[in-house]
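Read the structure below first, then the notes.
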Amino acid sequence: MMKILINTSGMSKDDIDFSGFEKLGSTKYFGEVSKTELYALAADCDAIIVNKVIIDEAFLDACPNIKYVGVFASGYNVVDVAACRARGVTVCNVPGYSTHSVSQHVFALLLCFFGKTDKYINSVANGDWIKSKSFCYFPWNTAELYGKTFGILGYGSIGKAVARIADAFGMKVIVNTRTTPDNCGYVVVDRETLFRQSDILSLHCPLTEQTKNIVNAKTLSLMKQSAVIVNTARGGLIDEAALADALNFGKIAGACLDTVAEEPMLADNPLLGAKNCIITPHIGWAPRETRERLLKIALQNLKSFIDGAPQNVVS
C-alpha cells in the first residue's frame with residue numbers, strides 16, 4: 001500500500017475533506033514542522049503533497065523512497081524539479097484551480113483602493129455619518145475604474161479572466177505575454193509599452209529567473225505617476241525596496257498586493273507602511289470553493305499517478 005504524507009498547513013482540515021487520499025493508501029498529515037521533523041515523517045513515504053514546503057536535494061537525499069511530489073498550487077517553485085527528474089520522481093501541480101478567486105481578488109483590492117470602501121465602512125461604524133450635517137460626506141477622494149488603461153503582464157487563465165472583468169468595467173485592456181496569443185481580443189504590446197501606458201498594471205506571470213524582480217527601479221521609472229500596481233501572483237516578481245521607494249517618493253500612485261517575496265511577511269519588509277500600499281495576506285486562493293477544487297485536482301493527480309497515467313506533470 002502506498003504511504004502518503006500530506007501538508008495541510010494553510011489548506012485547513014476544518015472545512016474541507018481530505019479523506020479521499022485515505023482511500024489511496026496509508027495517509028499521514030502534517031502542519032508547520034522543522035526540516036528534521038519533516039525528514040522523519042517522510043522517510044518511509046512514497047508520495048508527499050505540499051504547499052509551501054521546500055522539496056530540494058537535501059529532502060530527496062533524506063527521503064529516498066519518495067516517488068511522487070504533488071503541490072497544492074499552480075506554481076511549483078518550491079520544488080527542485082531538476083533534482084526530482086534526475087531521481088525519477090514525478091512532480092505534479094494543479095493549474096487553473098484559482099482562476100475565479102484570484103481574478104475576483106484583483107478587483108476586490110482595486111475597488112478598495114479606488115473606492116476607499118474600507119475607510120468609509122470604518123468611518124460609518126465609528127459614528128461619523130450620525131454626526132454628519134449632510135446626507136453624505138467624502139473626506140477621502142474616490143475614482144472610477146471606467147476608461148482607465150488596464151495592463152496585464154502574463155496571459156494565462158487568470159490573466160484572461162482578469163482581462164474580461166476589466167473589459168466589463170469599461171477599461172482599455174492591453175496585454176504583454178511571452179508568446180503571442182491566438183484570438184486575444186485585446187491589444188498586445190511590448191513590455192516597455194505595457195509599463196508606460198498602464199494606469200493599472202496587474203501581474204499574472206509565473207516566477208522564473210526571467211521574471212524575478214521584473215518590477216524594479218528601471219521599469220517603475222517608465223510608469224505614470226498616477227499608476228497603480230497589482231500583484232496577486234508571486235512576491236518575487238517585485239523588487240520590494242524599489243517599489244517602496246517609488247511609493248514613498250510619489251513616483252507611482254499606489255500598490256495593491258496579495259503576496260510578498262518572503263511569507264509570512266517579515267517585520268522589516270519595506271512595503272509594510274509604505275505610502276498608498278494595501279496588502280492582504282496571500283488570500284486570493286483562500287475561498288472554500290477554491291480550496292475544494294484544488295484538493296479535488298490534487299487527489300486526481302495522485303490517483304492518476306498510481307494508475308500509471310500521471311496528469312499535470314511538470315518534471
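In the C-alpha cells, each chain is lettered A, B, ... as it comes, each chain's residues begin at 1, and ligands are numbered from 1 in order of appearance.
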Near Asp268 (chain A), counting only C-alpha atoms, which residues have an atom at most 12 Å away, once you skip same-chain residues fewer than 6 positions from it, shown as a list of chain:residue names?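 So the residues in contact are A:Glu240, A:Ala241, A:Ala244, A:Glu262, A:Ala274.
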Output all heavy atoms for every residue in the selection just made, as an mmCIF file, in the first residue's frame.
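So the final result, stored in selection16.cif, reads:
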data_model
loop_
_atom_site.group_PDB
_atom_site.id
_atom_site.type_symbol
_atom_site.label_atom_id
_atom_site.label_comp_id
_atom_site.auth_asym_id
_atom_site.auth_seq_id
_atom_site.Cartn_x
_atom_site.Cartn_y
_atom_site.Cartn_z
ATOM 1 N N GLU A 240 11.097 44.719 -3.910
ATOM 2 C CA GLU A 240 10.263 45.390 -2.903
ATOM 3 C C GLU A 240 10.848 46.718 -2.441
ATOM 4 O O GLU A 240 10.105 47.670 -2.180
ATOM 5 C CB GLU A 240 10.022 44.444 -1.732
ATOM 6 C CG GLU A 240 9.177 43.248 -2.156
ATOM 7 C CD GLU A 240 8.937 42.226 -1.080
ATOM 8 O OE1 GLU A 240 9.759 42.141 -0.131
ATOM 9 O OE2 GLU A 240 7.939 41.498 -1.177
ATOM 10 N N ALA A 241 12.165 46.811 -2.331
ATOM 11 C CA ALA A 241 12.780 48.080 -1.934
ATOM 12 C C ALA A 241 12.536 49.147 -2.996
ATOM 13 O O ALA A 241 12.241 50.309 -2.679
ATOM 14 C CB ALA A 241 14.273 47.889 -1.704
ATOM 15 N N ALA A 244 8.829 50.205 -2.773
ATOM 16 C CA ALA A 244 8.614 51.059 -1.601
ATOM 17 C C ALA A 244 9.129 52.471 -1.864
ATOM 18 O O ALA A 244 8.478 53.467 -1.517
ATOM 19 C CB ALA A 244 9.296 50.450 -0.383
ATOM 20 N N GLU A 262 8.891 37.120 0.749
ATOM 21 C CA GLU A 262 9.067 36.123 1.814
ATOM 22 C C GLU A 262 7.820 36.105 2.681
ATOM 23 O O GLU A 262 7.412 37.134 3.215
ATOM 24 C CB GLU A 262 10.300 36.421 2.657
ATOM 25 C CG GLU A 262 10.636 35.320 3.634
ATOM 26 C CD GLU A 262 12.036 35.397 4.200
ATOM 27 O OE1 GLU A 262 12.847 36.176 3.688
ATOM 28 O OE2 GLU A 262 12.308 34.652 5.168
ATOM 29 N N ALA A 274 4.461 51.405 3.643
ATOM 30 C CA ALA A 274 4.749 52.274 2.504
ATOM 31 C C ALA A 274 3.491 53.051 2.117
ATOM 32 O O ALA A 274 2.358 52.590 2.317
ATOM 33 C CB ALA A 274 5.246 51.448 1.316
#
Identify, with DSSP run on backbone atoms, the residues in region 15-186 of chain A assigned to strand (DSSP E or B), and express the list as a PyMOL selection string. chain A and resi 26-30+47-50+55+68-71+79+90-92+149-153+172-176
If you run DSSP on this backbone, which residues of region 59-305 of chain A come out as helix (DSSP H, G or I), and could you give them as a PyMOL selection string? chain A and resi 59-62+81-86+99-115+117-125+128-131+157-168+191-197+217-221+235-237+240-248+288-305
Using only C-alpha atoms, tabulate the residues of region 245-310 of chain A lying at most 12 Å from any atom of region 105-129 of chain A, each with its closest atom pair and that distance in Å to one decimal, by chain and increasing residue number, as a Markdown table.
| residue | atom | partner | partner_atom | distance |
| --- | --- | --- | --- | --- |
| A:Ala253 | CA | A:Phe113 | CA | 10.5 |
| A:Gly254 | CA | A:Phe113 | CA | 8.3 |
| A:Ala255 | CA | A:Phe113 | CA | 8.6 |
| A:Cys256 | CA | A:Leu109 | CA | 6.0 |
| A:Leu257 | CA | A:Leu109 | CA | 7.9 |
| A:Asp258 | CA | A:His105 | CA | 8.5 |
| A:Thr259 | CA | A:Val106 | CA | 11.8 |
| A:Asn276 | CA | A:Phe113 | CA | 8.4 |
| A:Cys277 | CA | A:Phe113 | CA | 8.7 |
| A:Ile278 | CA | A:Phe113 | CA | 7.5 |
| A:Ile279 | CA | A:Leu109 | CA | 8.5 |
| A:Thr280 | CA | A:Leu109 | CA | 8.5 |
| A:Pro281 | CA | A:His105 | CA | 11.7 |
| A:His282 | CA | A:His105 | CA | 10.1 |
| A:Ile283 | CA | A:His105 | CA | 8.2 |
| A:Gly284 | CA | A:His105 | CA | 5.5 |
| A:Trp285 | CA | A:His105 | CA | 8.6 |
| A:Ala286 | CA | A:His105 | CA | 10.0 |
| A:Pro287 | CA | A:His105 | CA | 10.2 |
For N, CA and C atoms, I'd like the residues from the last selection saved as an mmCIF file, in the first residue's frame.
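Once written, out-v8.cif looks like this:
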data_model
loop_
_atom_site.group_PDB
_atom_site.id
_atom_site.type_symbol
_atom_site.label_atom_id
_atom_site.label_comp_id
_atom_site.auth_asym_id
_atom_site.auth_seq_id
_atom_site.Cartn_x
_atom_site.Cartn_y
_atom_site.Cartn_z
ATOM 1 N N ALA A 253 1.413 55.912 -7.978
ATOM 2 C CA ALA A 253 0.342 56.317 -7.058
ATOM 3 C C ALA A 253 -0.008 55.272 -6.010
ATOM 4 N N GLY A 254 0.227 53.985 -6.319
ATOM 5 C CA GLY A 254 -0.195 53.000 -5.338
ATOM 6 C C GLY A 254 0.164 51.580 -5.726
ATOM 7 N N ALA A 255 -0.056 50.683 -4.767
ATOM 8 C CA ALA A 255 0.164 49.250 -4.998
ATOM 9 C C ALA A 255 -0.873 48.468 -4.209
ATOM 10 N N CYS A 256 -1.384 47.413 -4.839
ATOM 11 C CA CYS A 256 -2.350 46.517 -4.211
ATOM 12 C C CYS A 256 -1.736 45.111 -4.278
ATOM 13 N N LEU A 257 -1.382 44.562 -3.137
ATOM 14 C CA LEU A 257 -0.593 43.334 -3.108
ATOM 15 C C LEU A 257 -1.262 42.246 -2.281
ATOM 16 N N ASP A 258 -1.193 41.025 -2.790
ATOM 17 C CA ASP A 258 -1.672 39.870 -2.026
ATOM 18 C C ASP A 258 -0.531 38.902 -1.740
ATOM 19 N N THR A 259 0.679 39.291 -2.099
ATOM 20 C CA THR A 259 1.807 38.397 -1.900
ATOM 21 C C THR A 259 3.080 39.217 -1.792
ATOM 22 N N ASN A 276 0.344 54.529 0.343
ATOM 23 C CA ASN A 276 -0.647 54.081 -0.649
ATOM 24 C C ASN A 276 -0.438 52.632 -1.081
ATOM 25 N N CYS A 277 -0.078 51.820 -0.104
ATOM 26 C CA CYS A 277 0.133 50.394 -0.370
ATOM 27 C C CYS A 277 -0.823 49.589 0.491
ATOM 28 N N ILE A 278 -1.716 48.821 -0.141
ATOM 29 C CA ILE A 278 -2.604 47.955 0.612
ATOM 30 C C ILE A 278 -2.172 46.503 0.372
ATOM 31 N N ILE A 279 -2.169 45.734 1.455
ATOM 32 C CA ILE A 279 -1.637 44.371 1.395
ATOM 33 C C ILE A 279 -2.600 43.420 2.098
ATOM 34 N N THR A 280 -2.890 42.302 1.449
ATOM 35 C CA THR A 280 -3.630 41.213 2.081
ATOM 36 C C THR A 280 -2.708 39.995 2.165
ATOM 37 N N PRO A 281 -2.970 39.077 3.116
ATOM 38 C CA PRO A 281 -2.010 38.008 3.416
ATOM 39 C C PRO A 281 -2.143 36.757 2.543
ATOM 40 N N HIS A 282 -1.959 36.925 1.239
ATOM 41 C CA HIS A 282 -1.973 35.816 0.273
ATOM 42 C C HIS A 282 -3.274 35.008 0.378
ATOM 43 N N ILE A 283 -4.401 35.715 0.243
ATOM 44 C CA ILE A 283 -5.707 35.072 0.409
ATOM 45 C C ILE A 283 -6.491 34.957 -0.893
ATOM 46 N N GLY A 284 -5.865 35.321 -2.018
ATOM 47 C CA GLY A 284 -6.582 35.238 -3.286
ATOM 48 C C GLY A 284 -7.091 33.845 -3.601
ATOM 49 N N TRP A 285 -6.396 32.822 -3.091
ATOM 50 C CA TRP A 285 -6.769 31.429 -3.355
ATOM 51 C C TRP A 285 -7.623 30.826 -2.238
ATOM 52 N N ALA A 286 -7.975 31.632 -1.228
ATOM 53 C CA ALA A 286 -8.488 31.096 0.030
ATOM 54 C C ALA A 286 -9.973 30.733 0.095
ATOM 55 N N PRO A 287 -10.854 31.176 -0.813
ATOM 56 C CA PRO A 287 -12.260 30.763 -0.685
ATOM 57 C C PRO A 287 -12.400 29.240 -0.598
#
Give me the residues within 12 Å of Glu289 (chain A) as JSON, numbers by chain, counting only C-alpha atoms and dropping any in the same chain fewer than 4 places off. {"A": [11, 15, 16, 17, 97, 98, 99, 100, 101, 284, 285, 293, 294, 295, 296]}
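Minimum distance to Asn269 (chain A) across A:Met223, A:Ala242, A:Leu41, A:Cys136 (counting only C-alpha atoms) occurs at A:Ala242.
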Measuring between only C-alpha atoms, which one of A:Pro139, A:Gly31, A:Gly185, A:Pro270 shows the shortest distance to Lys160 (chain A)?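 Looking at the shortest contact to Lys160 (chain A), the residue is A:Gly185.
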For Thr219 (chain A): contacts at 12 Å, only C-alpha atoms, fewer than 5 positions along chain excluded, given as number ranges by chain: A: 191-198, 201, 213-214, 224, 229, 237-239, 242-243, 246, 251-252
